[in-house]
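> Supplied structure: final34.txt, compact mmCIF, C-alpha atoms.
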```
# COMPACT_ATOMS: atom_id res chain seq x y z
CA MET H 1 128.61 137.23 5.65
CA ILE H 2 130.72 136.35 8.69
CA ASP H 3 132.27 132.88 9.10
CA LEU H 4 132.62 132.20 12.81
CA TYR H 5 134.62 129.18 13.95
CA LEU H 6 134.27 128.11 17.58
CA ILE H 7 137.20 125.86 18.49
CA ARG H 8 137.64 124.08 21.79
CA HIS H 9 141.20 123.81 23.13
CA GLY H 10 143.05 120.51 22.71
CA ILE H 11 143.53 117.81 25.35
CA ALA H 12 145.31 119.23 28.40
CA GLU H 13 147.21 117.77 31.33
CA ALA H 14 145.03 116.76 34.24
CA VAL H 15 144.48 119.22 37.06
CA GLY H 16 147.01 118.50 39.81
CA GLU H 17 147.17 119.50 43.45
CA ASP H 18 149.81 122.08 42.61
CA LEU H 19 148.48 123.11 39.20
CA ALA H 20 145.81 125.79 38.89
CA ASP H 21 143.22 125.12 36.16
CA GLU H 22 144.18 128.23 34.19
CA LYS H 23 147.81 127.11 33.95
CA ARG H 24 147.13 123.62 32.56
CA VAL H 25 149.11 122.99 29.37
CA LEU H 26 148.29 120.80 26.38
CA SER H 27 149.44 117.21 26.76
CA ALA H 28 151.72 115.65 24.14
CA GLU H 29 148.65 113.91 22.66
CA GLY H 30 146.74 117.19 22.78
CA ARG H 31 149.47 119.04 20.88
CA GLN H 32 149.71 116.31 18.27
CA LYS H 33 145.96 115.98 17.66
CA THR H 34 145.50 119.75 17.56
CA LYS H 35 148.27 120.01 14.96
CA LEU H 36 146.59 117.37 12.78
CA VAL H 37 143.23 119.10 13.10
CA ALA H 38 144.87 122.41 12.14
CA ARG H 39 146.46 120.87 9.04
CA ARG H 40 143.16 119.38 7.94
CA LEU H 41 141.41 122.73 8.45
CA PHE H 42 144.14 124.39 6.36
CA ALA H 43 143.53 121.82 3.60
CA LEU H 44 139.82 122.70 3.80
CA ASP H 45 140.78 126.34 3.05
CA VAL H 46 140.05 127.63 6.54
CA ARG H 47 141.86 130.94 7.16
CA PHE H 48 141.15 133.46 9.91
CA ASP H 49 141.35 137.25 9.44
CA THR H 50 141.13 137.39 13.21
CA LEU H 51 141.99 134.64 15.71
CA LEU H 52 141.04 135.24 19.35
CA THR H 53 141.76 133.00 22.31
CA SER H 54 140.82 132.62 25.94
CA PRO H 55 143.65 133.75 28.23
CA LEU H 56 144.00 130.26 29.74
CA VAL H 57 147.22 128.51 28.81
CA ARG H 58 145.67 125.46 27.10
CA ALA H 59 143.61 127.73 24.85
CA CYS H 60 146.55 130.02 24.00
CA GLN H 61 148.63 126.98 23.10
CA THR H 62 145.84 125.71 20.84
CA ALA H 63 145.63 129.10 19.09
CA GLU H 64 149.43 129.18 18.69
CA ILE H 65 149.28 125.84 16.89
CA LEU H 66 146.67 127.30 14.51
CA VAL H 67 149.09 130.19 13.82
CA GLN H 68 152.04 127.83 13.32
CA GLU H 69 149.96 125.90 10.80
CA GLN H 70 149.24 129.16 8.96
CA LEU H 71 145.53 129.47 9.57
CA ALA H 72 146.09 133.01 10.92
CA ALA H 73 148.90 135.57 10.96
CA LYS H 74 148.65 135.92 14.76
CA CYS H 75 146.40 135.26 17.71
CA GLU H 76 145.18 137.71 20.37
CA VAL H 77 143.85 137.12 23.85
CA PHE H 78 140.16 138.04 24.22
CA SER H 79 139.14 137.89 27.85
CA PRO H 80 135.43 137.06 27.23
CA LEU H 81 136.61 133.68 25.92
CA ALA H 82 137.68 132.73 29.47
CA PRO H 83 135.19 130.47 31.27
CA SER H 84 133.57 133.50 32.92
CA GLY H 85 132.92 135.37 29.64
CA THR H 86 129.50 136.12 28.20
CA LEU H 87 128.02 136.00 24.72
CA SER H 88 127.04 139.67 25.01
CA ASP H 89 130.73 140.55 25.12
CA LEU H 90 131.26 138.62 21.89
CA ARG H 91 128.24 140.21 20.19
CA ASN H 92 129.42 143.71 21.19
CA TRP H 93 132.87 142.98 19.81
CA LEU H 94 131.46 141.49 16.59
CA ALA H 95 129.50 144.69 15.98
CA THR H 96 132.69 146.78 16.02
CA GLN H 97 134.84 145.10 13.44
CA LYS H 98 135.13 144.05 9.83
CA SER H 99 136.71 140.59 9.84
CA ARG H 100 134.91 138.11 7.60
CA SER H 101 136.48 134.95 9.00
CA ILE H 102 136.93 134.74 12.75
CA GLY H 103 138.38 131.96 14.88
CA LEU H 104 137.55 131.78 18.61
CA VAL H 105 139.43 129.35 20.88
CA GLY H 106 137.74 128.69 24.19
CA HIS H 107 136.19 126.27 26.65
CA GLN H 108 133.21 124.09 27.40
CA PRO H 109 130.45 124.49 28.36
CA GLY H 110 130.67 128.14 27.26
CA LEU H 111 131.38 127.60 23.57
CA GLY H 112 128.61 125.03 23.23
CA LEU H 113 126.10 127.37 24.88
CA TRP H 114 127.22 130.25 22.67
CA ALA H 115 126.86 128.15 19.52
CA GLU H 116 123.32 127.16 20.51
CA ALA H 117 122.35 130.73 21.39
CA LEU H 118 123.86 132.11 18.18
CA ILE H 119 121.72 129.68 16.16
CA TRP H 120 118.44 129.80 18.13
CA GLY H 121 118.58 133.07 20.00
CA SER H 122 118.83 131.33 23.39
CA ALA H 123 120.60 128.32 24.86
CA GLN H 124 118.80 125.31 26.33
CA ARG H 125 121.47 122.70 26.97
CA GLY H 126 124.44 123.67 24.82
CA PHE H 127 126.27 121.58 22.25
CA GLU H 128 128.84 119.08 23.45
CA ILE H 129 131.99 120.24 21.65
CA LYS H 130 134.90 117.79 21.91
CA LYS H 131 138.46 118.90 22.65
CA ALA H 132 139.95 120.26 19.40
CA GLY H 133 136.45 120.11 17.92
CA VAL H 134 135.22 122.82 15.55
CA VAL H 135 131.81 124.44 15.08
CA ARG H 136 131.47 126.66 12.02
CA LEU H 137 128.63 129.19 11.89
CA ALA H 138 127.62 131.65 9.20
CA LEU H 139 126.05 135.02 10.12
CA GLU H 140 124.63 137.54 7.66
CA THR H 141 125.33 140.36 10.13
CA PRO H 142 126.75 140.51 13.69
CA GLN H 143 123.15 140.68 15.00
CA SER H 144 121.53 137.99 12.87
CA LEU H 145 120.90 134.40 13.88
CA ALA H 146 123.63 132.04 12.73
CA GLU H 147 123.34 129.08 10.42
CA LEU H 148 125.13 125.88 11.39
CA VAL H 149 127.68 124.96 8.70
CA TRP H 150 129.94 122.37 10.39
CA PHE H 151 129.88 120.50 13.69
CA LEU H 152 133.07 118.49 13.66
CA PRO H 153 134.59 116.38 16.39
CA PRO H 154 138.33 115.96 15.82
CA LYS H 155 137.78 112.31 14.90
CA VAL H 156 136.42 113.25 11.47
CA LEU H 157 139.34 115.60 10.84
CA LEU H 158 142.18 113.21 11.73
CA MET I 1 121.64 104.83 23.20
CA ILE I 2 120.49 105.20 19.59
CA ASP I 3 122.79 106.57 16.89
CA LEU I 4 120.65 108.21 14.25
CA TYR I 5 122.25 109.31 10.97
CA LEU I 6 120.25 111.64 8.72
CA ILE I 7 121.72 111.53 5.23
CA ARG I 8 120.60 113.66 2.33
CA HIS I 9 120.60 112.03 -1.11
CA GLY I 10 123.51 112.82 -3.47
CA ILE I 11 123.49 115.28 -6.38
CA ALA I 12 120.75 114.36 -8.86
CA GLU I 13 120.01 115.19 -12.48
CA ALA I 14 118.09 118.43 -12.96
CA VAL I 15 114.31 118.29 -13.23
CA GLY I 16 113.37 118.18 -16.90
CA GLU I 17 110.12 118.84 -18.72
CA ASP I 18 109.65 115.11 -19.15
CA LEU I 19 111.12 113.97 -15.85
CA ALA I 20 109.00 113.85 -12.71
CA ASP I 21 110.81 114.91 -9.53
CA GLU I 22 110.42 111.50 -7.89
CA LYS I 23 112.14 109.78 -10.84
CA ARG I 24 115.28 111.94 -10.89
CA VAL I 25 118.42 109.81 -10.71
CA LEU I 26 121.84 110.62 -9.25
CA SER I 27 124.17 112.34 -11.70
CA ALA I 28 127.60 110.84 -12.42
CA GLU I 29 129.11 113.42 -10.05
CA GLY I 30 126.45 112.59 -7.45
CA ARG I 31 127.23 108.85 -7.62
CA GLN I 32 130.95 109.47 -7.36
CA LYS I 33 130.76 111.90 -4.42
CA THR I 34 128.26 109.71 -2.58
CA LYS I 35 130.58 106.72 -2.97
CA LEU I 36 133.52 108.69 -1.54
CA VAL I 37 131.38 109.89 1.38
CA ALA I 38 130.28 106.29 2.02
CA ARG I 39 133.88 105.07 2.05
CA ARG I 40 134.91 107.77 4.49
CA LEU I 41 131.96 106.92 6.77
CA PHE I 42 132.99 103.26 6.63
CA ALA I 43 136.53 104.26 7.66
CA LEU I 44 134.97 106.20 10.56
CA ASP I 45 133.35 102.92 11.70
CA VAL I 46 129.83 103.90 10.73
CA ARG I 47 127.61 100.80 10.34
CA PHE I 48 123.83 100.68 10.25
CA ASP I 49 121.73 97.93 11.84
CA THR I 50 118.88 99.43 9.86
CA LEU I 51 119.05 101.62 6.76
CA LEU I 52 115.83 103.25 5.57
CA THR I 53 115.31 105.37 2.50
CA SER I 54 112.74 107.64 0.94
CA PRO I 55 110.97 105.94 -1.98
CA LEU I 56 112.24 108.57 -4.45
CA VAL I 57 114.80 107.23 -6.92
CA ARG I 58 117.67 109.57 -6.00
CA ALA I 59 117.36 108.57 -2.32
CA CYS I 60 117.12 104.82 -3.08
CA GLN I 61 120.23 105.09 -5.25
CA THR I 62 122.06 106.87 -2.42
CA ALA I 63 121.05 104.13 0.04
CA GLU I 64 122.14 101.45 -2.43
CA ILE I 65 125.60 103.01 -2.58
CA LEU I 66 125.77 102.85 1.24
CA VAL I 67 124.92 99.12 1.00
CA GLN I 68 127.49 98.53 -1.76
CA GLU I 69 130.11 100.17 0.44
CA GLN I 70 129.15 97.80 3.29
CA LEU I 71 127.66 100.27 5.74
CA ALA I 72 124.51 98.14 5.93
CA ALA I 73 123.43 94.66 4.85
CA LYS I 74 120.40 96.04 3.00
CA CYS I 75 118.18 99.09 2.67
CA GLU I 76 114.42 99.34 2.97
CA VAL I 77 111.98 101.92 1.70
CA PHE I 78 110.28 103.89 4.50
CA SER I 79 107.53 106.06 3.08
CA PRO I 80 107.68 108.78 5.80
CA LEU I 81 111.11 109.70 4.39
CA ALA I 82 109.41 110.98 1.22
CA PRO I 83 109.06 114.79 1.11
CA SER I 84 105.51 114.52 2.50
CA GLY I 85 106.50 112.47 5.59
CA THR I 86 106.28 113.66 9.17
CA LEU I 87 108.54 113.36 12.19
CA SER I 88 105.70 111.73 14.16
CA ASP I 89 105.87 108.78 11.75
CA LEU I 90 109.58 108.44 12.50
CA ARG I 91 109.09 108.72 16.26
CA ASN I 92 106.35 106.07 16.19
CA TRP I 93 108.60 103.75 14.22
CA LEU I 94 111.59 104.42 16.50
CA ALA I 95 109.50 103.39 19.51
CA THR I 96 108.83 99.96 18.00
CA GLN I 97 112.26 98.63 17.28
CA LYS I 98 115.62 97.74 18.73
CA SER I 99 118.23 98.95 16.24
CA ARG I 100 121.06 100.87 17.86
CA SER I 101 122.48 102.44 14.70
CA ILE I 102 120.00 103.73 12.16
CA GLY I 103 120.61 105.42 8.81
CA LEU I 104 117.85 107.49 7.18
CA VAL I 105 118.22 108.72 3.60
CA GLY I 106 115.88 111.55 2.68
CA HIS I 107 115.34 115.08 1.44
CA GLN I 108 115.57 118.72 2.31
CA PRO I 109 113.99 120.65 3.89
CA GLY I 110 112.44 117.71 5.80
CA LEU I 111 115.61 116.17 7.18
CA GLY I 112 116.94 119.52 8.39
CA LEU I 113 113.65 120.30 10.14
CA TRP I 114 113.59 116.83 11.73
CA ALA I 115 117.15 117.22 12.99
CA GLU I 116 116.31 120.55 14.58
CA ALA I 117 113.10 119.20 16.16
CA LEU I 118 114.85 116.08 17.45
CA ILE I 119 117.43 118.27 19.22
CA TRP I 120 115.21 121.10 20.49
CA GLY I 121 111.71 119.65 20.57
CA SER I 122 110.49 121.93 17.76
CA ALA I 123 111.82 123.31 14.50
CA GLN I 124 112.35 127.02 13.79
CA ARG I 125 114.18 127.18 10.48
CA GLY I 126 115.76 123.76 9.96
CA PHE I 127 119.36 122.91 9.31
CA GLU I 128 120.73 123.34 5.80
CA ILE I 129 121.97 119.82 5.01
CA LYS I 130 124.02 119.61 1.81
CA LYS I 131 123.56 116.84 -0.75
CA ALA I 132 125.36 113.71 0.56
CA GLY I 133 125.74 115.54 3.87
CA VAL I 134 125.39 113.67 7.17
CA VAL I 135 123.90 114.67 10.53
CA ARG I 136 124.58 112.27 13.38
CA LEU I 137 122.38 112.44 16.49
CA ALA I 138 122.49 110.46 19.73
CA LEU I 139 119.26 109.66 21.64
CA GLU I 140 119.07 108.01 25.04
CA THR I 141 115.61 106.66 24.20
CA PRO I 142 113.25 107.02 21.19
CA GLN I 143 111.39 109.76 23.11
CA SER I 144 114.33 111.76 24.46
CA LEU I 145 115.79 114.90 22.95
CA ALA I 146 118.78 114.19 20.72
CA GLU I 147 122.32 115.41 21.12
CA LEU I 148 124.11 116.69 18.03
CA VAL I 149 127.23 114.59 17.37
CA TRP I 150 128.20 115.42 13.78
CA PHE I 151 127.05 117.95 11.20
CA LEU I 152 129.10 117.15 8.14
CA PRO I 153 128.88 118.59 4.68
CA PRO I 154 130.39 116.18 2.13
CA LYS I 155 133.32 118.57 1.66
CA VAL I 156 134.87 117.53 4.98
CA LEU I 157 134.43 113.83 4.12
CA LEU I 158 136.01 113.89 0.64
```
Take the structure in the file and give it back as structure tokens.

Amino acid sequence: MIDLYLIRHGIAEAVGEDLADEKRVLSAEGRQKTKLVARRLFALDVRFDTLLTSPLVRACQTAEILVQEQLAAKCEVFSPLAPSGTLSDLRNWLATQKSRSIGLVGHQPGLGLWAEALIWGSAQRGFEIKKAGVVRLALETPQSLAELVWFLPPKVLL
Amino acid sequence: MIDLYLIRHGIAEAVGEDLADEKRVLSAEGRQKTKLVARRLFALDVRFDTLLTSPLVRACQTAEILVQEQLAAKCEVFSPLAPSGTLSDLRNWLATQKSRSIGLVGHQPGLGLWAEALIWGSAQRGFEIKKAGVVRLALETPQSLAELVWFLPPKVLL
């Protein structure tokens, strides 16, 4: 059984004229809320054998907070988690490795579409995952359809 | 916008040789956990204009705890929430009334199949809703497809 946690990055600074989207950093509120969510997840016994993040700064910072709060030993950049990534890339990766508890930090609408497709085999509209929200799925095998275990906006974790 | 909360009854006594399924009552653990879930929902600002329950004892007792913890002024039995009820009955009822926040206390697998069908238009496998677990959906109109807002096992609410 594989526990797959899809985690959207925390609240980031607004896009500015001089700030490219991929360089946006977490806001002070975003860092604080993400830290509280991470602590609550830790208290709920969430631990990741493998923690992967989108290469975008706000996602890396979110993953780093999860590491600081001891949910994982380290985080690694996984380029398919960038907004241009595809679920096929994730499925191919899943088939190659042995982690039982995997955290993925990424973006909307991609994560919400992935969650829907993992559960139903295809995506219609995608789930609306809030910033610092968590979707937990359980898969028997990397190829099997997932079961929804948690769909948590940060509000219920704070 | 309609907020629809699907709530599975709490943990009940086991079926015994002399105890019909519909007369099973909540166990002491079931009462206690349901009360804690209700208090956490209250703290999350959940309030029901209308709270409906299956006629089975363990569901009525769950709804009564929600009333005691001030999530609703009263609860009413709604026969389609019994294990034999259908989603059409719920949709027909939804179309006739004006409540904006509705709690429904019922059973598996029915509630999990309803949640799936409300989101996607049809049910494949149904969600696995734990005892005293809560699924929150948002509907623009009684006829529209629902958006998933929360999928909460009691563990994250205790």
> Give chain H as an mmCIF file with C-alpha atoms, keeping the file's coordinate frame once it has been least-squares superposed onto chain I over every C-alpha atom, paired in order.

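And here is the file that came out, part.cif:
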```cif
data_model
loop_
_atom_site.group_PDB
_atom_site.id
_atom_site.type_symbol
_atom_site.label_atom_id
_atom_site.label_comp_id
_atom_site.auth_asym_id
_atom_site.auth_seq_id
_atom_site.Cartn_x
_atom_site.Cartn_y
_atom_site.Cartn_z
ATOM 1 C CA MET H 1 121.619 104.811 23.197
ATOM 2 C CA ILE H 2 120.475 105.176 19.588
ATOM 3 C CA ASP H 3 122.800 106.574 16.895
ATOM 4 C CA LEU H 4 120.647 108.220 14.249
ATOM 5 C CA TYR H 5 122.251 109.313 10.985
ATOM 6 C CA LEU H 6 120.255 111.641 8.739
ATOM 7 C CA ILE H 7 121.729 111.536 5.233
ATOM 8 C CA ARG H 8 120.613 113.679 2.333
ATOM 9 C CA HIS H 9 120.620 112.042 -1.111
ATOM 10 C CA GLY H 10 123.500 112.812 -3.478
ATOM 11 C CA ILE H 11 123.472 115.272 -6.383
ATOM 12 C CA ALA H 12 120.740 114.363 -8.872
ATOM 13 C CA GLU H 13 120.008 115.200 -12.490
ATOM 14 C CA ALA H 14 118.082 118.408 -12.978
ATOM 15 C CA VAL H 15 114.312 118.260 -13.252
ATOM 16 C CA GLY H 16 113.367 118.134 -16.936
ATOM 17 C CA GLU H 17 110.121 118.787 -18.757
ATOM 18 C CA ASP H 18 109.629 115.058 -19.185
ATOM 19 C CA LEU H 19 111.116 113.942 -15.868
ATOM 20 C CA ALA H 20 108.986 113.829 -12.729
ATOM 21 C CA ASP H 21 110.814 114.905 -9.549
ATOM 22 C CA GLU H 22 110.413 111.495 -7.911
ATOM 23 C CA LYS H 23 112.133 109.753 -10.825
ATOM 24 C CA ARG H 24 115.270 111.928 -10.882
ATOM 25 C CA VAL H 25 118.428 109.807 -10.722
ATOM 26 C CA LEU H 26 121.836 110.611 -9.257
ATOM 27 C CA SER H 27 124.172 112.337 -11.690
ATOM 28 C CA ALA H 28 127.595 110.845 -12.433
ATOM 29 C CA GLU H 29 129.115 113.413 -10.038
ATOM 30 C CA GLY H 30 126.452 112.579 -7.463
ATOM 31 C CA ARG H 31 127.222 108.856 -7.628
ATOM 32 C CA GLN H 32 130.948 109.463 -7.355
ATOM 33 C CA LYS H 33 130.764 111.897 -4.425
ATOM 34 C CA THR H 34 128.263 109.711 -2.581
ATOM 35 C CA LYS H 35 130.589 106.723 -2.987
ATOM 36 C CA LEU H 36 133.515 108.695 -1.540
ATOM 37 C CA VAL H 37 131.398 109.895 1.369
ATOM 38 C CA ALA H 38 130.289 106.300 2.014
ATOM 39 C CA ARG H 39 133.891 105.062 2.053
ATOM 40 C CA ARG H 40 134.921 107.765 4.492
ATOM 41 C CA LEU H 41 131.967 106.932 6.755
ATOM 42 C CA PHE H 42 132.999 103.258 6.625
ATOM 43 C CA ALA H 43 136.537 104.260 7.660
ATOM 44 C CA LEU H 44 134.985 106.195 10.563
ATOM 45 C CA ASP H 45 133.356 102.912 11.705
ATOM 46 C CA VAL H 46 129.830 103.901 10.724
ATOM 47 C CA ARG H 47 127.619 100.805 10.338
ATOM 48 C CA PHE H 48 123.825 100.696 10.243
ATOM 49 C CA ASP H 49 121.726 97.922 11.831
ATOM 50 C CA THR H 50 118.865 99.432 9.878
ATOM 51 C CA LEU H 51 119.055 101.622 6.760
ATOM 52 C CA LEU H 52 115.823 103.261 5.586
ATOM 53 C CA THR H 53 115.317 105.389 2.501
ATOM 54 C CA SER H 54 112.736 107.654 0.948
ATOM 55 C CA PRO H 55 110.977 105.952 -1.975
ATOM 56 C CA LEU H 56 112.253 108.574 -4.441
ATOM 57 C CA VAL H 57 114.792 107.243 -6.906
ATOM 58 C CA ARG H 58 117.677 109.578 -5.982
ATOM 59 C CA ALA H 59 117.351 108.582 -2.326
ATOM 60 C CA CYS H 60 117.123 104.841 -3.077
ATOM 61 C CA GLN H 61 120.230 105.106 -5.234
ATOM 62 C CA THR H 62 122.068 106.885 -2.412
ATOM 63 C CA ALA H 63 121.062 104.144 0.053
ATOM 64 C CA GLU H 64 122.150 101.449 -2.429
ATOM 65 C CA ILE H 65 125.603 103.021 -2.575
ATOM 66 C CA LEU H 66 125.779 102.862 1.239
ATOM 67 C CA VAL H 67 124.925 99.133 1.003
ATOM 68 C CA GLN H 68 127.493 98.542 -1.749
ATOM 69 C CA GLU H 69 130.110 100.183 0.455
ATOM 70 C CA GLN H 70 129.140 97.826 3.290
ATOM 71 C CA LEU H 71 127.666 100.289 5.737
ATOM 72 C CA ALA H 72 124.498 98.145 5.923
ATOM 73 C CA ALA H 73 123.422 94.657 4.859
ATOM 74 C CA LYS H 74 120.395 96.063 2.991
ATOM 75 C CA CYS H 75 118.194 99.105 2.666
ATOM 76 C CA GLU H 76 114.397 99.340 2.964
ATOM 77 C CA VAL H 77 111.974 101.939 1.697
ATOM 78 C CA PHE H 78 110.278 103.901 4.503
ATOM 79 C CA SER H 79 107.529 106.069 3.096
ATOM 80 C CA PRO H 80 107.688 108.798 5.811
ATOM 81 C CA LEU H 81 111.113 109.714 4.408
ATOM 82 C CA ALA H 82 109.413 111.003 1.229
ATOM 83 C CA PRO H 83 109.037 114.797 1.121
ATOM 84 C CA SER H 84 105.499 114.527 2.511
ATOM 85 C CA GLY H 85 106.495 112.470 5.586
ATOM 86 C CA THR H 86 106.276 113.666 9.172
ATOM 87 C CA LEU H 87 108.534 113.367 12.193
ATOM 88 C CA SER H 88 105.700 111.737 14.150
ATOM 89 C CA ASP H 89 105.871 108.792 11.762
ATOM 90 C CA LEU H 90 109.585 108.450 12.491
ATOM 91 C CA ARG H 91 109.093 108.738 16.261
ATOM 92 C CA ASN H 92 106.343 106.078 16.185
ATOM 93 C CA TRP H 93 108.590 103.760 14.205
ATOM 94 C CA LEU H 94 111.573 104.407 16.498
ATOM 95 C CA ALA H 95 109.477 103.375 19.498
ATOM 96 C CA THR H 96 108.794 99.945 17.978
ATOM 97 C CA GLN H 97 112.238 98.631 17.261
ATOM 98 C CA LYS H 98 115.595 97.728 18.720
ATOM 99 C CA SER H 99 118.209 98.945 16.239
ATOM 100 C CA ARG H 100 121.047 100.868 17.869
ATOM 101 C CA SER H 101 122.459 102.434 14.712
ATOM 102 C CA ILE H 102 119.992 103.726 12.152
ATOM 103 C CA GLY H 103 120.601 105.405 8.809
ATOM 104 C CA LEU H 104 117.842 107.507 7.196
ATOM 105 C CA VAL H 105 118.218 108.732 3.597
ATOM 106 C CA GLY H 106 115.883 111.547 2.661
ATOM 107 C CA HIS H 107 115.347 115.085 1.433
ATOM 108 C CA GLN H 108 115.566 118.742 2.312
ATOM 109 C CA PRO H 109 113.993 120.660 3.907
ATOM 110 C CA GLY H 110 112.444 117.720 5.789
ATOM 111 C CA LEU H 111 115.620 116.179 7.188
ATOM 112 C CA GLY H 112 116.928 119.531 8.391
ATOM 113 C CA LEU H 113 113.642 120.292 10.158
ATOM 114 C CA TRP H 114 113.601 116.834 11.730
ATOM 115 C CA ALA H 115 117.168 117.216 12.990
ATOM 116 C CA GLU H 116 116.310 120.559 14.594
ATOM 117 C CA ALA H 117 113.118 119.216 16.166
ATOM 118 C CA LEU H 118 114.869 116.090 17.453
ATOM 119 C CA ILE H 119 117.438 118.289 19.221
ATOM 120 C CA TRP H 120 115.204 121.120 20.503
ATOM 121 C CA GLY H 121 111.743 119.627 20.589
ATOM 122 C CA SER H 122 110.494 121.904 17.790
ATOM 123 C CA ALA H 123 111.802 123.268 14.506
ATOM 124 C CA GLN H 124 112.310 126.970 13.800
ATOM 125 C CA ARG H 125 114.156 127.165 10.498
ATOM 126 C CA GLY H 126 115.737 123.759 9.963
ATOM 127 C CA PHE H 127 119.371 122.925 9.313
ATOM 128 C CA GLU H 128 120.719 123.330 5.804
ATOM 129 C CA ILE H 129 121.964 119.819 5.011
ATOM 130 C CA LYS H 130 124.033 119.605 1.816
ATOM 131 C CA LYS H 131 123.570 116.840 -0.751
ATOM 132 C CA ALA H 132 125.357 113.724 0.565
ATOM 133 C CA GLY H 133 125.739 115.541 3.884
ATOM 134 C CA VAL H 134 125.398 113.670 7.179
ATOM 135 C CA VAL H 135 123.912 114.669 10.536
ATOM 136 C CA ARG H 136 124.589 112.267 13.396
ATOM 137 C CA LEU H 137 122.389 112.432 16.496
ATOM 138 C CA ALA H 138 122.491 110.456 19.720
ATOM 139 C CA LEU H 139 119.268 109.650 21.625
ATOM 140 C CA GLU H 140 119.074 107.992 25.035
ATOM 141 C CA THR H 141 115.601 106.657 24.199
ATOM 142 C CA PRO H 142 113.252 107.006 21.186
ATOM 143 C CA GLN H 143 111.389 109.759 23.098
ATOM 144 C CA SER H 144 114.325 111.744 24.454
ATOM 145 C CA LEU H 145 115.807 114.878 22.943
ATOM 146 C CA ALA H 146 118.795 114.179 20.723
ATOM 147 C CA GLU H 147 122.336 115.399 21.117
ATOM 148 C CA LEU H 148 124.134 116.681 18.033
ATOM 149 C CA VAL H 149 127.249 114.569 17.383
ATOM 150 C CA TRP H 150 128.233 115.425 13.782
ATOM 151 C CA PHE H 151 127.063 117.954 11.208
ATOM 152 C CA LEU H 152 129.117 117.160 8.147
ATOM 153 C CA PRO H 153 128.870 118.591 4.667
ATOM 154 C CA PRO H 154 130.395 116.194 2.133
ATOM 155 C CA LYS H 155 133.326 118.570 1.650
ATOM 156 C CA VAL H 156 134.881 117.524 4.965
ATOM 157 C CA LEU H 157 134.450 113.842 4.126
ATOM 158 C CA LEU H 158 136.010 113.879 0.642
#
```
> Find the residues near I:Gly30: any atom within 7 Å, counting all atoms listed in the file, skip ones fewer than 4 places away on the same chain, and give them as a list in words.
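Skipping anything fewer than 4 positions along the chain leaves Gly10, Ile11, Ala12, Leu26 and Thr34 of chain I.
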> Take the selection from the previous step and output its residues with C-alpha atoms, as a PDB file, keeping the file's coordinate frame.

```pdb
ATOM      1  CA  GLY I  10     123.510 112.820  -3.470  1.00  0.00           C
ATOM      2  CA  ILE I  11     123.490 115.280  -6.380  1.00  0.00           C
ATOM      3  CA  ALA I  12     120.750 114.360  -8.860  1.00  0.00           C
ATOM      4  CA  LEU I  26     121.840 110.620  -9.250  1.00  0.00           C
ATOM      5  CA  THR I  34     128.260 109.710  -2.580  1.00  0.00           C
TER       6      THR I  34
END
```
> Which residues of chain H come within 7 Å of chain I, and for each one, what is the closest pair of atoms and their distance in Å to one decimal, counting all atoms listed in the file, sorted by chain and residue number, as a tab-separated table?

```
residue	atom	partner	partner_atom	distance
H:Phe127	CA	I:Leu148	CA	6.8
H:Leu148	CA	I:Phe127	CA	6.8
H:Trp150	CA	I:Phe151	CA	5.3
H:Phe151	CA	I:Phe151	CA	4.6
H:Leu152	CA	I:Trp150	CA	5.8
H:Pro153	CA	I:Trp150	CA	7.0
```
> Could you give me, as JSON, numbers by chain, the residues within 12 Å of stretch 62-76 of chain H, counting all atoms listed in the file and dropping anything in the same chain fewer than 2 positions from it?
{"H": [5, 6, 7, 8, 9, 10, 11, 12, 24, 25, 26, 27, 30, 31, 32, 33, 34, 35, 36, 37, 38, 39, 40, 41, 42, 43, 44, 45, 46, 47, 48, 49, 50, 51, 52, 53, 54, 55, 56, 57, 58, 59, 60, 78, 79, 80, 81, 101, 102, 103, 104, 105, 106, 107, 131, 132, 133]}
> Using all atoms listed in the file, find the one residue out of H:Leu113, H:Asp18, H:Arg100, H:Ala95 that sits nearest to H:Ser144.
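Closest residue, counting all atoms listed in the file: H:Ala95.
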> Just to confirm, what's the straight-line distance from atom CA of H:Leu145 to atom CA of H:Gly121 in Å (one decimal)?
6.7 Å
> I'd like the neighbourhood of H:Lys98 as a list of chain:residue names, where a residue qualifies if any of its atoms comes within 12 Å (using all atoms listed in the file), though same-chain residues fewer than 6 positions away should be ignored.
H:Met1, H:Ile2, H:Asp3, H:Asp49, H:Thr50, H:Thr141, H:Pro142
> I need stretch 42-59 of chain I from the structure I supplied, saved as a PDB file, in the first residue's frame with C-alpha atoms retained.

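Ended up saving to result.pdb:
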```pdb
ATOM      1  CA  PHE I  42     -18.677  23.719  16.225  1.00  0.00           C
ATOM      2  CA  ALA I  43     -15.259  25.367  16.658  1.00  0.00           C
ATOM      3  CA  LEU I  44     -14.905  25.301  12.857  1.00  0.00           C
ATOM      4  CA  ASP I  45     -18.157  27.327  12.660  1.00  0.00           C
ATOM      5  CA  VAL I  46     -20.261  24.489  11.312  1.00  0.00           C
ATOM      6  CA  ARG I  47     -23.984  25.154  11.923  1.00  0.00           C
ATOM      7  CA  PHE I  48     -26.924  23.445  10.257  1.00  0.00           C
ATOM      8  CA  ASP I  49     -30.150  25.208   9.259  1.00  0.00           C
ATOM      9  CA  THR I  50     -31.509  21.718   8.768  1.00  0.00           C
ATOM     10  CA  LEU I  51     -30.249  18.460  10.264  1.00  0.00           C
ATOM     11  CA  LEU I  52     -31.726  15.220   8.931  1.00  0.00           C
ATOM     12  CA  THR I  53     -31.026  11.710  10.110  1.00  0.00           C
ATOM     13  CA  SER I  54     -31.634   8.132   9.095  1.00  0.00           C
ATOM     14  CA  PRO I  55     -34.352   6.519  11.241  1.00  0.00           C
ATOM     15  CA  LEU I  56     -31.914   3.888  12.574  1.00  0.00           C
ATOM     16  CA  VAL I  57     -31.086   4.316  16.255  1.00  0.00           C
ATOM     17  CA  ARG I  58     -27.308   4.756  15.880  1.00  0.00           C
ATOM     18  CA  ALA I  59     -27.855   7.580  13.360  1.00  0.00           C
TER      19      ALA I  59
END
```
